>>> print(open('model_27.tsv').read())   # TSV, C-alpha atoms
chain	number	residue	atom	x	y	z
O	1	MET	CA	-13.96	-25.72	0.95
O	2	THR	CA	-13.10	-23.95	4.22
O	3	GLN	CA	-12.74	-20.20	3.77
O	4	THR	CA	-9.17	-18.96	4.13
O	5	HIS	CA	-8.12	-16.44	6.76
O	6	MET	CA	-7.13	-14.16	3.89
O	7	ALA	CA	-10.62	-14.29	2.35
O	8	ARG	CA	-12.21	-13.47	5.70
O	9	GLU	CA	-9.80	-10.62	6.30
O	10	VAL	CA	-10.40	-9.14	2.84
O	11	ALA	CA	-14.13	-9.24	3.56
O	12	GLU	CA	-13.44	-7.41	6.84
O	13	ILE	CA	-11.66	-4.48	5.13
O	14	PRO	CA	-14.73	-2.16	4.99
O	15	GLU	CA	-15.54	-2.82	8.65
O	16	ALA	CA	-11.91	-2.32	9.69
O	17	ALA	CA	-11.78	1.01	7.83
O	18	ALA	CA	-14.96	2.19	9.56
O	19	ARG	CA	-13.56	1.18	12.94
O	20	PHE	CA	-10.36	3.16	12.36
O	21	LEU	CA	-12.29	6.27	11.28
O	22	ASP	CA	-14.45	6.06	14.39
O	23	GLN	CA	-12.05	4.93	17.11
O	24	SER	CA	-8.75	6.59	16.10
O	25	ARG	CA	-10.09	10.01	15.20
O	26	GLU	CA	-8.77	11.73	18.33
O	27	ALA	CA	-5.30	10.29	17.80
O	28	VAL	CA	-5.34	11.56	14.22
O	29	LEU	CA	-6.44	15.04	15.29
O	30	GLU	CA	-3.70	15.25	17.93
O	31	ALA	CA	-0.97	14.13	15.50
O	32	ALA	CA	-2.24	16.53	12.83
O	33	ALA	CA	-2.13	19.43	15.30
O	34	ALA	CA	1.46	18.46	16.14
O	35	LEU	CA	2.30	18.45	12.42
O	36	ARG	CA	0.89	21.95	12.01
O	37	ARG	CA	3.01	23.16	14.92
O	38	LYS	CA	6.10	21.43	13.55
O	39	ASP	CA	5.50	22.66	9.97
O	40	PRO	CA	8.08	20.19	8.62
O	41	ASP	CA	10.21	20.82	5.56
O	42	LEU	CA	10.62	17.06	5.10
O	43	VAL	CA	8.78	13.86	6.00
O	44	VAL	CA	10.72	10.61	6.28
O	45	THR	CA	9.18	7.15	6.48
O	46	VAL	CA	10.35	3.96	8.18
O	47	ALA	CA	8.85	0.68	6.98
O	48	ARG	CA	9.44	-2.66	5.28
O	49	GLY	CA	7.39	-5.00	3.08
O	50	SER	CA	3.72	-4.13	2.61
O	51	SER	CA	4.14	-1.33	5.14
O	52	ASP	CA	6.80	0.21	2.91
O	53	HIS	CA	4.36	0.14	0.00
O	54	ALA	CA	1.90	2.00	2.23
O	55	ALA	CA	4.69	4.49	2.91
O	56	THR	CA	5.26	4.91	-0.84
O	57	TYR	CA	1.55	5.60	-1.27
O	58	LEU	CA	1.73	8.27	1.42
O	59	LYS	CA	4.88	9.73	-0.17
O	60	TYR	CA	2.93	10.59	-3.31
O	61	ALA	CA	-0.13	11.75	-1.36
O	62	PHE	CA	1.85	14.05	0.93
O	63	GLU	CA	3.92	15.49	-1.90
O	64	LEU	CA	0.85	16.09	-4.06
O	65	GLU	CA	-1.31	17.54	-1.30
O	66	ALA	CA	1.09	19.24	1.12
O	67	GLY	CA	4.03	20.02	-1.19
O	68	VAL	CA	6.43	18.52	1.34
O	69	PRO	CA	9.06	16.06	0.05
O	70	VAL	CA	8.95	12.56	1.49
O	71	ALA	CA	11.88	10.14	1.63
O	72	SER	CA	12.24	6.57	2.87
O	73	VAL	CA	14.95	6.03	5.50
O	74	GLY	CA	16.65	2.66	5.79
O	75	PRO	CA	16.05	1.35	9.33
O	76	SER	CA	19.55	-0.14	9.36
O	77	ILE	CA	20.99	3.39	9.46
O	78	ALA	CA	20.05	3.39	13.14
O	79	SER	CA	19.94	-0.30	14.04
O	80	ILE	CA	23.18	-1.53	12.43
O	81	TYR	CA	25.21	1.49	11.37
O	82	ARG	CA	24.28	3.60	14.41
O	83	ARG	CA	24.44	6.80	12.41
O	84	PRO	CA	22.35	9.68	13.84
O	85	LEU	CA	20.39	11.77	11.35
O	86	ARG	CA	19.69	15.50	11.60
O	87	LEU	CA	15.91	15.63	11.47
O	88	GLY	CA	15.15	18.81	13.36
O	89	LYS	CA	12.95	20.14	10.54
O	90	ALA	CA	11.32	16.78	9.75
O	91	ALA	CA	8.46	14.53	10.71
O	92	CYS	CA	9.08	10.78	10.79
O	93	ILE	CA	6.28	8.29	10.12
O	94	GLY	CA	6.88	4.66	11.01
O	95	ILE	CA	4.52	2.01	9.64
O	96	SER	CA	4.46	-1.52	11.03
O	97	GLN	CA	1.66	-4.04	11.48
O	98	SER	CA	3.15	-5.43	14.69
O	99	GLY	CA	5.34	-2.50	15.73
O	100	ARG	CA	7.89	-5.05	16.89
O	101	SER	CA	10.68	-5.25	14.33
O	102	PRO	CA	13.85	-4.09	16.15
O	103	ASP	CA	15.27	-2.09	13.25
O	104	GLY	CA	12.09	-0.07	12.75
O	105	VAL	CA	11.76	0.55	16.48
O	106	GLU	CA	15.36	1.75	16.71
O	107	MET	CA	14.97	4.06	13.71
O	108	MET	CA	11.87	5.64	15.24
O	109	ARG	CA	13.69	6.12	18.54
O	110	ALA	CA	16.66	7.67	16.74
O	111	SER	CA	14.45	9.97	14.67
O	112	GLY	CA	12.96	11.47	17.81
O	113	GLN	CA	16.43	11.93	19.26
O	114	GLY	CA	17.43	13.62	16.01
O	115	GLY	CA	14.68	16.20	16.40
O	116	ALA	CA	11.89	14.74	14.26
O	117	LEU	CA	8.22	14.63	15.20
O	118	SER	CA	7.73	10.85	15.34
O	119	ILE	CA	4.38	9.25	14.46
O	120	ALA	CA	3.80	5.48	14.54
O	121	ILE	CA	1.13	3.80	12.45
O	122	THR	CA	0.62	0.30	13.83
O	123	ASN	CA	-2.00	-2.30	14.60
O	124	VAL	CA	-0.64	-2.81	18.13
O	125	GLU	CA	-1.20	0.32	20.18
O	126	ASP	CA	1.20	-0.66	22.99
O	127	SER	CA	3.93	-2.01	20.70
O	128	PRO	CA	7.59	-0.98	21.07
O	129	MET	CA	7.34	1.29	18.01
O	130	ALA	CA	4.35	3.07	19.47
O	131	GLN	CA	6.08	3.49	22.80
O	132	VAL	CA	9.17	5.19	21.35
O	133	SER	CA	7.12	7.55	19.15
O	134	ALA	CA	5.56	10.87	20.13
O	135	HIS	CA	2.22	9.88	18.57
O	136	CYS	CA	0.55	6.63	17.57
O	137	LEU	CA	-2.29	6.10	15.11
O	138	PRO	CA	-3.75	2.70	16.10
O	139	LEU	CA	-5.12	0.84	13.08
O	140	ARG	CA	-7.90	-0.98	14.97
O	141	ALA	CA	-7.89	-3.57	12.16
O	142	GLY	CA	-8.30	-6.54	14.49
O	143	GLU	CA	-6.16	-9.66	14.40
O	144	GLU	CA	-4.77	-10.57	10.99
O	145	LYS	CA	-4.01	-14.30	10.87
O	146	SER	CA	-3.02	-14.62	7.21
O	147	VAL	CA	0.67	-13.98	6.58
O	148	ALA	CA	-0.32	-11.82	3.60
O	149	ALA	CA	-1.25	-8.36	4.86
O	150	THR	CA	-4.54	-7.03	3.55
O	151	LYS	CA	-6.73	-5.10	5.97
O	152	THR	CA	-3.67	-3.78	7.82
O	153	PHE	CA	-2.28	-2.38	4.55
O	154	VAL	CA	-5.56	-0.64	3.75
O	155	CYS	CA	-5.87	0.77	7.27
O	156	SER	CA	-2.22	1.93	7.25
O	157	VAL	CA	-2.82	3.99	4.12
O	158	LEU	CA	-6.15	5.18	5.53
O	159	ALA	CA	-4.37	6.35	8.70
O	160	GLY	CA	-1.83	8.33	6.69
O	161	LEU	CA	-4.47	9.87	4.44
O	162	SER	CA	-6.59	10.79	7.48
O	163	LEU	CA	-3.55	12.48	9.01
O	164	LEU	CA	-2.95	14.35	5.75
O	165	ALA	CA	-6.58	15.49	5.45
O	166	GLU	CA	-6.57	16.93	8.98
O	167	TRP	CA	-3.08	18.43	8.69
O	168	GLN	CA	-4.05	20.25	5.49
O	169	ASP	CA	-7.72	20.80	6.47
O	170	ASP	CA	-8.73	19.22	3.16
O	171	HIS	CA	-12.52	18.94	3.15
O	172	ALA	CA	-12.71	17.00	-0.11
O	173	LEU	CA	-10.25	14.34	1.06
O	174	ARG	CA	-11.93	14.18	4.48
O	175	ASP	CA	-15.30	13.55	2.82
O	176	ALA	CA	-13.83	10.89	0.52
O	177	LEU	CA	-12.35	9.07	3.50
O	178	SER	CA	-15.66	9.21	5.37
O	179	ALA	CA	-17.29	7.41	2.44
O	180	LEU	CA	-14.49	4.87	2.18
O	181	PRO	CA	-16.12	1.91	4.01
O	182	ASP	CA	-19.03	1.81	1.55
O	183	THR	CA	-16.67	2.27	-1.41
O	184	LEU	CA	-14.43	-0.56	-0.22
O	185	GLU	CA	-17.48	-2.81	0.01
O	186	GLN	CA	-18.04	-2.26	-3.71
O	187	ALA	CA	-14.41	-2.95	-4.52
O	188	VAL	CA	-14.11	-6.34	-2.82
O	189	GLY	CA	-16.99	-7.57	-4.97
O	190	LEU	CA	-15.41	-6.73	-8.34
O	191	ASP	CA	-14.94	-9.56	-10.84
O	192	TRP	CA	-11.41	-9.86	-12.24
O	193	SER	CA	-11.88	-13.44	-13.47
O	194	PRO	CA	-10.44	-12.70	-16.97
O	195	LEU	CA	-7.11	-11.86	-15.34
O	196	SER	CA	-7.35	-14.92	-13.11
O	197	ALA	CA	-7.85	-17.13	-16.15
O	198	ARG	CA	-4.79	-15.64	-17.87
O	199	LEU	CA	-2.54	-16.01	-14.82
O	200	ALA	CA	-3.64	-19.49	-13.77
O	201	ARG	CA	-0.41	-20.95	-15.20
O	202	ALA	CA	1.76	-17.84	-15.60
O	203	SER	CA	5.29	-17.70	-14.20
O	204	SER	CA	5.92	-13.95	-14.46
O	205	ALA	CA	4.15	-10.63	-14.97
O	206	TYR	CA	4.57	-6.88	-14.84
O	207	VAL	CA	2.38	-4.58	-12.74
O	208	LEU	CA	2.34	-0.90	-13.73
O	209	GLY	CA	1.17	2.30	-12.07
O	210	ARG	CA	1.96	6.00	-11.70
O	211	GLY	CA	1.93	8.19	-8.61
O	212	PRO	CA	-0.04	6.56	-5.78
O	213	GLY	CA	-0.90	3.88	-8.32
O	214	PHE	CA	2.76	2.86	-8.41
O	215	ALA	CA	2.58	2.12	-4.68
O	216	ILE	CA	-0.28	-0.30	-5.18
O	217	ALA	CA	1.51	-1.81	-8.18
O	218	SER	CA	4.40	-2.57	-5.82
O	219	GLU	CA	2.04	-4.11	-3.27
O	220	ALA	CA	0.29	-6.14	-5.97
O	221	ALA	CA	3.61	-7.49	-7.26
O	222	LEU	CA	4.54	-8.57	-3.74
O	223	LYS	CA	1.21	-10.37	-3.33
O	224	PHE	CA	1.69	-12.18	-6.65
O	225	LYS	CA	5.00	-13.49	-5.31
O	226	GLU	CA	4.03	-14.41	-1.77
O	227	THR	CA	0.58	-15.89	-2.36
O	228	SER	CA	0.67	-17.27	-5.90
O	229	GLY	CA	4.27	-18.08	-6.84
O	230	ILE	CA	4.33	-15.61	-9.73
O	231	HIS	CA	7.51	-13.62	-10.31
O	232	ALA	CA	5.85	-10.24	-10.73
O	233	GLU	CA	7.74	-6.97	-10.97
O	234	ALA	CA	6.29	-3.51	-10.36
O	235	TYR	CA	7.29	-0.55	-12.49
O	236	SER	CA	6.26	3.00	-13.04
O	237	ALA	CA	4.48	3.14	-16.39
O	238	ALA	CA	7.25	5.55	-17.43
O	239	GLU	CA	10.17	3.57	-16.02
O	240	VAL	CA	9.12	0.32	-17.70
O	241	LEU	CA	9.94	1.89	-21.07
O	242	HIS	CA	13.55	2.51	-19.98
O	243	GLY	CA	14.69	-1.08	-20.45
O	244	PRO	CA	12.24	-3.58	-18.91
O	245	ALA	CA	9.87	-3.33	-21.89
O	246	ALA	CA	12.53	-5.14	-23.95
O	247	ILE	CA	11.44	-8.55	-22.60
O	248	VAL	CA	7.73	-7.89	-23.18
O	249	GLN	CA	6.89	-10.04	-26.17
O	250	ALA	CA	3.99	-12.23	-27.30
O	251	ASN	CA	1.58	-13.13	-24.49
O	252	PHE	CA	3.63	-11.57	-21.68
O	253	PRO	CA	1.07	-10.66	-18.98
O	254	VAL	CA	0.86	-7.01	-17.89
O	255	LEU	CA	-1.50	-5.51	-15.32
O	256	ALA	CA	-1.75	-1.71	-15.72
O	257	LEU	CA	-3.46	-0.04	-12.77
O	258	GLY	CA	-5.01	3.15	-14.09
O	259	ILE	CA	-6.83	5.64	-11.89
O	260	GLY	CA	-8.61	8.86	-12.81
O	261	ASP	CA	-5.79	11.34	-12.23
O	262	ALA	CA	-3.37	13.40	-14.32
O	263	ALA	CA	-1.14	10.38	-15.01
O	264	LEU	CA	-3.83	8.26	-16.68
O	265	PRO	CA	-3.11	9.36	-20.28
O	266	GLN	CA	0.55	8.41	-19.95
O	267	LEU	CA	-0.27	5.07	-18.34
O	268	THR	CA	-2.73	4.22	-21.11
O	269	ALA	CA	-0.12	5.19	-23.72
O	270	THR	CA	2.30	2.71	-22.15
O	271	ALA	CA	-0.40	0.03	-22.03
O	272	ARG	CA	-1.09	0.64	-25.72
O	273	GLN	CA	2.58	0.31	-26.64
O	274	LEU	CA	3.00	-2.95	-24.70
O	275	ALA	CA	-0.17	-4.36	-26.26
O	276	SER	CA	1.26	-3.52	-29.68
O	277	GLN	CA	4.35	-5.58	-28.76
O	278	GLY	CA	2.09	-8.58	-28.25
O	279	ALA	CA	1.64	-8.42	-24.46
O	280	ASP	CA	-1.53	-9.64	-22.79
O	281	VAL	CA	-2.47	-6.32	-21.19
O	282	PHE	CA	-5.14	-5.96	-18.51
O	283	LEU	CA	-6.06	-2.39	-17.66
O	284	THR	CA	-8.22	-0.52	-15.15
O	285	GLY	CA	-9.70	2.93	-15.51
O	286	ALA	CA	-9.59	3.19	-19.31
O	287	GLU	CA	-10.00	1.33	-22.59
O	288	VAL	CA	-7.11	0.60	-24.92
O	289	GLU	CA	-7.18	-1.30	-28.19
O	290	GLY	CA	-5.75	-4.77	-27.68
O	291	ALA	CA	-6.15	-4.69	-23.88
O	292	VAL	CA	-8.77	-6.17	-21.56
O	293	THR	CA	-10.44	-3.58	-19.33
O	294	LEU	CA	-11.02	-4.77	-15.76
O	295	PRO	CA	-13.84	-3.26	-13.68
O	296	SER	CA	-13.08	-0.66	-11.01
O	297	VAL	CA	-15.05	1.73	-8.82
O	298	GLN	CA	-15.37	5.01	-10.69
O	299	GLY	CA	-15.77	8.66	-9.69
O	300	LEU	CA	-13.46	8.58	-6.67
O	301	HIS	CA	-11.10	11.15	-5.19
O	302	PRO	CA	-7.74	10.53	-6.92
O	303	LEU	CA	-5.90	10.04	-3.60
O	304	VAL	CA	-8.43	7.41	-2.48
O	305	ALA	CA	-9.00	5.56	-5.76
O	306	PRO	CA	-5.79	3.48	-5.67
O	307	LEU	CA	-6.54	2.26	-2.14
O	308	VAL	CA	-10.03	1.20	-3.17
O	309	MET	CA	-8.56	-0.67	-6.13
O	310	MET	CA	-6.15	-2.48	-3.81
O	311	ALA	CA	-9.06	-3.91	-1.84
O	312	GLY	CA	-10.46	-5.36	-5.06
O	313	PHE	CA	-7.05	-6.75	-5.97
O	314	TYR	CA	-6.80	-8.54	-2.63
O	315	ALA	CA	-10.06	-10.36	-3.28
O	316	PHE	CA	-8.77	-11.33	-6.73
O	317	ILE	CA	-5.35	-12.56	-5.58
O	318	GLU	CA	-6.81	-14.76	-2.83
O	319	THR	CA	-8.89	-16.54	-5.47
O	320	LEU	CA	-5.95	-16.79	-7.86
O	321	ALA	CA	-3.71	-18.31	-5.18
O	322	ARG	CA	-6.17	-21.12	-4.51
O	323	ARG	CA	-6.69	-21.64	-8.24
O	324	ARG	CA	-2.93	-22.17	-8.59
O	325	GLY	CA	-2.87	-24.64	-5.71
O	326	PHE	CA	-1.40	-22.34	-3.03
O	327	ASP	CA	-2.61	-21.66	0.49
O	328	PRO	CA	-2.52	-17.84	0.67
O	329	ASP	CA	-2.54	-17.96	4.48
O	330	THR	CA	0.82	-19.72	4.75
O	331	PRO	CA	3.27	-18.74	1.98
O	332	PRO	CA	6.42	-20.90	1.95
O	333	HIS	CA	9.34	-19.67	4.06
O	334	LEU	CA	7.41	-16.72	5.51
O	335	ARG	CA	5.84	-15.91	8.86
O	336	LYS	CA	3.45	-13.23	10.05
O	337	VAL	CA	5.86	-11.12	12.11
O	338	THR	CA	9.29	-10.62	10.55
O	339	GLU	CA	11.77	-9.17	13.03
O	340	THR	CA	14.84	-7.77	11.29
O	341	VAL	CA	17.77	-5.90	12.80
>>> encode(input="model_27.tsv", output="structure tokens")
Amino acid sequence: MTQTHMAREVAEIPEAAARFLDQSREAVLEAAAALRRKDPDLVVTVARGSSDHAATYLKYAFELEAGVPVASVGPSIASIYRRPLRLGKAACIGISQSGRSPDGVEMMRASGQGGALSIAITNVEDSPMAQVSAHCLPLRAGEEKSVAATKTFVCSVLAGLSLLAEWQDDHALRDALSALPDTLEQAVGLDWSPLSARLARASSAYVLGRGPGFAIASEAALKFKETSGIHAEAYSAAEVLHGPAAIVQANFPVLALGIGDAALPQLTATARQLASQGADVFLTGAEVEGAVTLPSVQGLHPLVAPLVMMAGFYAFIETLARRRGFDPDTPPHLRKVTETV
């Protein structure tokens, strides 16, 4: 069988990460210096789709590391409603693979006019979003032909984490990011075939996480939908107990994405409860009675571990899509660049 674009692009993730670390370092250092001068009280993000999940990841990372609150701003505030925002004490980070969606471009333009330090994270260095922003962190991921974003998602998060490490002068995070290409190589080779076997004919599933792990749960749920036709919903491992757990009965599939941070005990407690309700629970990062433990790369920095896990998930979901009879490169009713107003 001919290899899919998605499979090739997942295999390219370690190389793309290394290229970003090498070729975009100066851009990161300049933006980080601007952040130190700005000393923002707030960071706002502008993104949609997978890019918005990258923004959610960075929300948790920035709040945990820098102690600065991060909020997502709806691009339509600028593009449709034309409402200016007072952002004089803020930084604004826009994330877009193409940098072309009119609403995101307009929100980034408006944020700068409102006083924010604007930073674009995009795979197209001369895109409209980059041009209206004070700084651009080029992803250097190379062309991504599959509609499903993979290497651009990983590089978007990597860009934000690199910015954070330099802004905060965090040596441990900087070292973890330097080792990321080799770590990602391990991740894309992980075997999640037990989960693939369970989901081969599934129609729905839950994906759970906490903190940065919730961001990758959201991205995983999107990939289940767009590549494999599975109605997957992402929840915080705490939020799922506030109602959604009511429909979890015998053999309901649940993927719980555990990483080695302070939230792991609570996530495993939720996994244990859902397994006791009869769910088919698949878990990373821990062992729980009644659940299947999936392999993951261990011993990682807690702000990097979820991103590494996402690379392994991408390899898994590409295989699952083909097993279910889908072409992951061309999901129905979708196209690579979505331009919304």
>>> closest_atom_pairs(input="model_27.tsv", of="stretch 185-266 of chain O", to="stretch 270-282 of chain O", cutoff="6 Å", atoms="all atoms listed in the file", output="CSV")
residue,atom,partner,partner_atom,distance
O:Gln249,CA,O:Gly278,CA,5.4
O:Ala250,CA,O:Gly278,CA,4.2
O:Asn251,CA,O:Ala279,CA,4.7
O:Phe252,CA,O:Ala279,CA,4.6
O:Pro253,CA,O:Asp280,CA,4.7
O:Val254,CA,O:Val281,CA,4.7
O:Leu255,CA,O:Phe282,CA,4.9
>>> closest_residue(input="model_27.tsv", among="O:Ala197, O:Met310, O:Ala187, O:Met107", to="O:Arg323", atoms="all atoms listed in the file")
O:Ala197
>>> closest_residue(input="model_27.tsv", among="O:Val308, O:Ile119, O:Ala200, O:Ile95", to="O:Gly325", atoms="only C-alpha atoms")
O:Ala200
>>> closest_residue(input="model_27.tsv", among="O:Thr150, O:Thr183, O:Thr122, O:Thr293", to="O:Ala18", atoms="all atoms listed in the file")
O:Thr183
>>> residues_around(input="model_27.tsv", residues="stretch 301-304 of chain O", least_positions_apart="6", cutoff="12 Å", atoms="only C-alpha atoms", output="ChimeraX atom specification")
/O:57-65,154,157-162,164-165,170-181,183-184,210-213,215-216,258-264,285,310-311
>>> closest_residue(input="model_27.tsv", among="O:Leu257, O:Leu208, O:Val46, O:Leu190", to="O:Ser133", atoms="all atoms listed in the file")
O:Val46
>>> closest_residue(input="model_27.tsv", among="O:Gly88, O:Pro295, O:Pro14, O:Gly74", to="O:Asp41", atoms="all atoms listed in the file")
O:Gly88
>>> closest_residue(input="model_27.tsv", among="O:Leu163, O:Ala33, O:His242, O:Arg201", to="O:Leu21", atoms="all atoms listed in the file")
O:Leu163
>>> atom_distance(input="model_27.tsv", atom1="atom CA of O:Arg322", atom2="atom CA of O:Gly49")
22.4 Å
>>> atom_distance(input="model_27.tsv", atom1="atom CA of O:Gly115", atom2="atom CA of O:Ile93")
13.1 Å
>>> residues_around(input="model_27.tsv", residues="O:Glu143", least_positions_apart="4", cutoff="12 Å", atoms="all atoms listed in the file", output="list in words")
His5, Met6, Arg8, Glu9, Glu12, Ile13, Ala16, Gln97, Ser98, Asn123, Val124, Leu139, Val147, Ala149, Thr150, Lys151, Thr152 and Lys336 of chain O
>>> atom_distance(input="model_27.tsv", atom1="atom CA of O:Asp126", atom2="atom CA of O:Asp52")
20.9 Å
>>> decode(input="model_27.tsv", residues="stretch 171-190 of chain O", atoms="N, CA and C atoms", output="tab-separated table (two decimals), in the first residue's frame")
chain	number	residue	atom	x	y	z
O	171	HIS	N	16.29	26.94	32.52
O	171	HIS	CA	17.32	26.05	31.99
O	171	HIS	C	16.80	24.62	31.82
O	172	ALA	N	15.99	24.16	32.77
O	172	ALA	CA	15.48	22.79	32.69
O	172	ALA	C	14.58	22.61	31.47
O	173	LEU	N	13.69	23.57	31.23
O	173	LEU	CA	12.81	23.48	30.06
O	173	LEU	C	13.63	23.62	28.78
O	174	ARG	N	14.59	24.52	28.76
O	174	ARG	CA	15.45	24.68	27.58
O	174	ARG	C	16.16	23.37	27.25
O	175	ASP	N	16.69	22.70	28.26
O	175	ASP	CA	17.39	21.43	28.03
O	175	ASP	C	16.43	20.36	27.52
O	176	ALA	N	15.22	20.33	28.08
O	176	ALA	CA	14.23	19.34	27.65
O	176	ALA	C	13.85	19.55	26.19
O	177	LEU	N	13.75	20.80	25.78
O	177	LEU	CA	13.41	21.10	24.39
O	177	LEU	C	14.56	20.74	23.46
O	178	SER	N	15.79	20.93	23.90
O	178	SER	CA	16.94	20.58	23.08
O	178	SER	C	16.97	19.08	22.79
O	179	ALA	N	16.49	18.28	23.74
O	179	ALA	CA	16.48	16.83	23.58
O	179	ALA	C	15.23	16.33	22.87
O	180	LEU	N	14.33	17.24	22.53
O	180	LEU	CA	13.03	16.83	22.01
O	180	LEU	C	13.09	16.02	20.72
O	181	PRO	N	13.91	16.36	19.73
O	181	PRO	CA	13.91	15.55	18.50
O	181	PRO	C	14.16	14.07	18.75
O	182	ASP	N	15.12	13.73	19.61
O	182	ASP	CA	15.38	12.32	19.90
O	182	ASP	C	14.21	11.69	20.65
O	183	THR	N	13.60	12.46	21.56
O	183	THR	CA	12.47	11.94	22.33
O	183	THR	C	11.27	11.70	21.43
O	184	LEU	N	11.04	12.59	20.49
O	184	LEU	CA	9.92	12.42	19.55
O	184	LEU	C	10.14	11.19	18.68
O	185	GLU	N	11.37	10.90	18.34
O	185	GLU	CA	11.67	9.71	17.55
O	185	GLU	C	11.23	8.45	18.29
O	186	GLN	N	11.42	8.42	19.59
O	186	GLN	CA	10.95	7.29	20.39
O	186	GLN	C	9.43	7.21	20.37
O	187	ALA	N	8.79	8.35	20.47
O	187	ALA	CA	7.33	8.38	20.61
O	187	ALA	C	6.63	7.85	19.37
O	188	VAL	N	7.10	8.23	18.19
O	188	VAL	CA	6.38	7.82	16.97
O	188	VAL	C	6.51	6.33	16.72
O	189	GLY	N	7.36	5.65	17.47
O	189	GLY	CA	7.49	4.21	17.32
O	189	GLY	C	6.73	3.40	18.36
O	190	LEU	N	5.97	4.05	19.22
O	190	LEU	CA	5.23	3.34	20.26
O	190	LEU	C	4.09	2.50	19.66
